[in-house]
Amino acid sequence: MSTAFSEIPIINLSQADDELTRPYLLDSLRYALTEVGFLYVSNHGVPAAVVDGLMETLPALFELEDGTKKGVALENSPHFLGYSDVGSEHTGGKADRREQFEFATELTATWQPGLPLYERLRGPNQWPNGHTELRSTVEHYISELTKLGERFLDLVAQALSLPTGTFQPFLSDQHRLKLVHYPELPVDDAVFSQQGVGPHKDSSGWWTFLLQASPPEVKGLQFLNKAGDWVDVPVIPETFVVNIGQAFEVVTNGACKATTHRVLSGPHERYSVPFFQGVRRNLTKAEAIGTLKDHFGALQASRESEEGNAIDSAFLKGKYDTWGESQLRTKVRSHRENGRKFYSEIYSQYINDDAS
């Protein structure tokens, strides 16, 4: 089958409700999982009011005064939750041209000395002053996307000839959400990098459900097909873009590849809302590989381009034994001030190592 595809499958989740269309849905989903790694879901069941409510809050949120944003700065949080300014996050060693608020399922901090450092990733959100409805809007959205993610995982299991519920034991108690603003790129100014976010594979979740929260004419998101070509991911209203994360690739023994993607800044500002379905922090590499090895061992590993195979992937390439530690490494490398402030004992190790 050709690896140079230039379109992304659209999976109509309402087809799961009809016995006549369900087999077609599962066949289409299996193709998307094993051959593409990126897909849209339509008729997903998340109420339009929940999606619209979140989209409507974005412009005012990012127009908050700098002092209000800094009051919930991500560098104040050992859990890597809060606001980060343009250029403060790095992907592939280069600064990303975006600002963002990062939230998660609201949980208390439970880490104490003696527990693995990665357990410090669990903790409460920081909520900015002057945006009174934000918390309820975000929490409602996280709740709905959590339910969507669980429904989707059961369909994924069936598409891969596994029982429903197979993938739920891998899930975390905490999922993450980013509200992202990519400023417009000044025209004909070579000083500014075009990197909204650099090429990467998602390491923050099991699956990613992305809301492209800008009009269809606003472009920027691209994914890397298996022939090594960058393919645009256009905005399709009333859909989510869904892609595979690193842990899912490991659990499926490479049958379902985590897909490399990036965002290029352009002449229009862009809003984006990725929801990262969390992976259990104490999941070990051996457990991830071994649990379904017999099932996926008979399947040929999905192909990947040379550029995609070179992307930094600590858990995929076996440097660290647990998902939690590989996740903490990624966070420290992306947000180095946090790493120096809260994780000084492992900061140099994480910054100076590589995944292989």
# chains A, B, ... in the order shown; residues from 1 in each chain; ligands from 1
>>> select_by_dssp(residues="stretch 185-309 of chain A", states="alpha helix (DSSP H)", output="list in words")
Gln246, Ala247, Phe248, Glu249, Val250, Val251, Lys285, Ala286, Glu287, Ala288, Ile289, Gly290, Lys293, Asp294, His295, Phe296, Glu306, Glu307, Gly308 and Asn309 of chain A
>>> write_last_selection(atoms="N, CA, C and O atoms", output="PDB file, in the first residue's frame")
ATOM      1  N   GLN A 246       3.089   8.099  21.847  1.00  0.00           N
ATOM      2  CA  GLN A 246       4.225   7.181  21.886  1.00  0.00           C
ATOM      3  C   GLN A 246       3.920   5.880  22.620  1.00  0.00           C
ATOM      4  O   GLN A 246       4.332   4.805  22.185  1.00  0.00           O
ATOM      5  N   ALA A 247       3.199   5.957  23.740  1.00  0.00           N
ATOM      6  CA  ALA A 247       2.958   4.747  24.525  1.00  0.00           C
ATOM      7  C   ALA A 247       2.111   3.745  23.759  1.00  0.00           C
ATOM      8  O   ALA A 247       2.310   2.527  23.881  1.00  0.00           O
ATOM      9  N   PHE A 248       1.165   4.232  22.959  1.00  0.00           N
ATOM     10  CA  PHE A 248       0.317   3.323  22.209  1.00  0.00           C
ATOM     11  C   PHE A 248       1.130   2.566  21.156  1.00  0.00           C
ATOM     12  O   PHE A 248       0.878   1.392  20.883  1.00  0.00           O
ATOM     13  N   GLU A 249       2.107   3.227  20.571  1.00  0.00           N
ATOM     14  CA  GLU A 249       2.993   2.541  19.633  1.00  0.00           C
ATOM     15  C   GLU A 249       3.724   1.398  20.311  1.00  0.00           C
ATOM     16  O   GLU A 249       3.858   0.302  19.751  1.00  0.00           O
ATOM     17  N   VAL A 250       4.193   1.630  21.542  1.00  0.00           N
ATOM     18  CA  VAL A 250       4.920   0.592  22.263  1.00  0.00           C
ATOM     19  C   VAL A 250       3.998  -0.583  22.575  1.00  0.00           C
ATOM     20  O   VAL A 250       4.356  -1.756  22.367  1.00  0.00           O
ATOM     21  N   VAL A 251       2.805  -0.291  23.071  1.00  0.00           N
ATOM     22  CA  VAL A 251       1.871  -1.349  23.458  1.00  0.00           C
ATOM     23  C   VAL A 251       1.439  -2.187  22.253  1.00  0.00           C
ATOM     24  O   VAL A 251       1.202  -3.392  22.377  1.00  0.00           O
ATOM     25  N   LYS A 285       8.260  -0.322  30.614  1.00  0.00           N
ATOM     26  CA  LYS A 285       8.507  -0.712  29.232  1.00  0.00           C
ATOM     27  C   LYS A 285       8.179  -2.187  29.028  1.00  0.00           C
ATOM     28  O   LYS A 285       7.538  -2.571  28.038  1.00  0.00           O
ATOM     29  N   ALA A 286       8.589  -3.035  29.988  1.00  0.00           N
ATOM     30  CA  ALA A 286       8.352  -4.471  29.854  1.00  0.00           C
ATOM     31  C   ALA A 286       6.853  -4.768  29.832  1.00  0.00           C
ATOM     32  O   ALA A 286       6.389  -5.613  29.049  1.00  0.00           O
ATOM     33  N   GLU A 287       6.087  -4.105  30.698  1.00  0.00           N
ATOM     34  CA  GLU A 287       4.644  -4.316  30.716  1.00  0.00           C
ATOM     35  C   GLU A 287       4.008  -3.831  29.425  1.00  0.00           C
ATOM     36  O   GLU A 287       3.120  -4.483  28.866  1.00  0.00           O
ATOM     37  N   ALA A 288       4.458  -2.665  28.961  1.00  0.00           N
ATOM     38  CA  ALA A 288       3.888  -2.098  27.742  1.00  0.00           C
ATOM     39  C   ALA A 288       4.131  -3.010  26.542  1.00  0.00           C
ATOM     40  O   ALA A 288       3.233  -3.241  25.720  1.00  0.00           O
ATOM     41  N   ILE A 289       5.330  -3.559  26.440  1.00  0.00           N
ATOM     42  CA  ILE A 289       5.662  -4.426  25.312  1.00  0.00           C
ATOM     43  C   ILE A 289       5.023  -5.801  25.466  1.00  0.00           C
ATOM     44  O   ILE A 289       4.510  -6.383  24.507  1.00  0.00           O
ATOM     45  N   GLY A 290       5.037  -6.328  26.690  1.00  0.00           N
ATOM     46  CA  GLY A 290       4.661  -7.718  26.898  1.00  0.00           C
ATOM     47  C   GLY A 290       3.182  -8.006  26.974  1.00  0.00           C
ATOM     48  O   GLY A 290       2.749  -9.112  26.645  1.00  0.00           O
ATOM     49  N   LYS A 293       1.869  -8.612  23.430  1.00  0.00           N
ATOM     50  CA  LYS A 293       2.900  -9.033  22.475  1.00  0.00           C
ATOM     51  C   LYS A 293       2.422 -10.169  21.590  1.00  0.00           C
ATOM     52  O   LYS A 293       2.668 -10.184  20.374  1.00  0.00           O
ATOM     53  N   ASP A 294       1.741 -11.153  22.173  1.00  0.00           N
ATOM     54  CA  ASP A 294       1.300 -12.298  21.383  1.00  0.00           C
ATOM     55  C   ASP A 294       0.302 -11.876  20.303  1.00  0.00           C
ATOM     56  O   ASP A 294       0.321 -12.406  19.184  1.00  0.00           O
ATOM     57  N   HIS A 295      -0.546 -10.917  20.651  1.00  0.00           N
ATOM     58  CA  HIS A 295      -1.557 -10.468  19.689  1.00  0.00           C
ATOM     59  C   HIS A 295      -0.917  -9.683  18.543  1.00  0.00           C
ATOM     60  O   HIS A 295      -1.211  -9.932  17.373  1.00  0.00           O
ATOM     61  N   PHE A 296      -0.059  -8.751  18.889  1.00  0.00           N
ATOM     62  CA  PHE A 296       0.511  -7.874  17.863  1.00  0.00           C
ATOM     63  C   PHE A 296       1.780  -8.424  17.230  1.00  0.00           C
ATOM     64  O   PHE A 296       2.240  -7.907  16.212  1.00  0.00           O
ATOM     65  N   GLU A 306      12.338   8.146   7.293  1.00  0.00           N
ATOM     66  CA  GLU A 306      13.620   8.329   7.970  1.00  0.00           C
ATOM     67  C   GLU A 306      13.553   9.510   8.938  1.00  0.00           C
ATOM     68  O   GLU A 306      14.053   9.433  10.070  1.00  0.00           O
ATOM     69  N   GLU A 307      12.919  10.614   8.528  1.00  0.00           N
ATOM     70  CA  GLU A 307      12.814  11.781   9.401  1.00  0.00           C
ATOM     71  C   GLU A 307      11.970  11.467  10.627  1.00  0.00           C
ATOM     72  O   GLU A 307      12.305  11.849  11.746  1.00  0.00           O
ATOM     73  N   GLY A 308      10.870  10.755  10.433  1.00  0.00           N
ATOM     74  CA  GLY A 308      10.017  10.403  11.559  1.00  0.00           C
ATOM     75  C   GLY A 308      10.720   9.479  12.534  1.00  0.00           C
ATOM     76  O   GLY A 308      10.583   9.617  13.756  1.00  0.00           O
ATOM     77  N   ASN A 309      11.502   8.547  12.025  1.00  0.00           N
ATOM     78  CA  ASN A 309      12.204   7.596  12.875  1.00  0.00           C
ATOM     79  C   ASN A 309      13.282   8.267  13.719  1.00  0.00           C
ATOM     80  O   ASN A 309      13.674   7.752  14.764  1.00  0.00           O
TER      81      ASN A 309
END
>>> residues_around(residues="stretch 325-339 of chain A", least_positions_apart="2", cutoff="6 Å", atoms="only C-alpha atoms", output="ChimeraX atom specification")
/A:75,89-90,118,314-315,320,322-323,341-343,347,350-351
>>> atom_distance(atom1="atom CA of A:Val180", atom2="atom CA of A:Thr57")
11.9 Å
>>> atom_distance(atom1="atom CA of A:Trp111", atom2="atom CA of A:Thr146")
23.8 Å
>>> atom_distance(atom1="atom CA of A:Leu81", atom2="atom CA of A:Ser143")
17.6 Å
>>> closest_residue(among="A:Thr239, A:Thr105, A:Val86, A:Thr259", to="A:Gln222", atoms="only C-alpha atoms")
A:Thr259
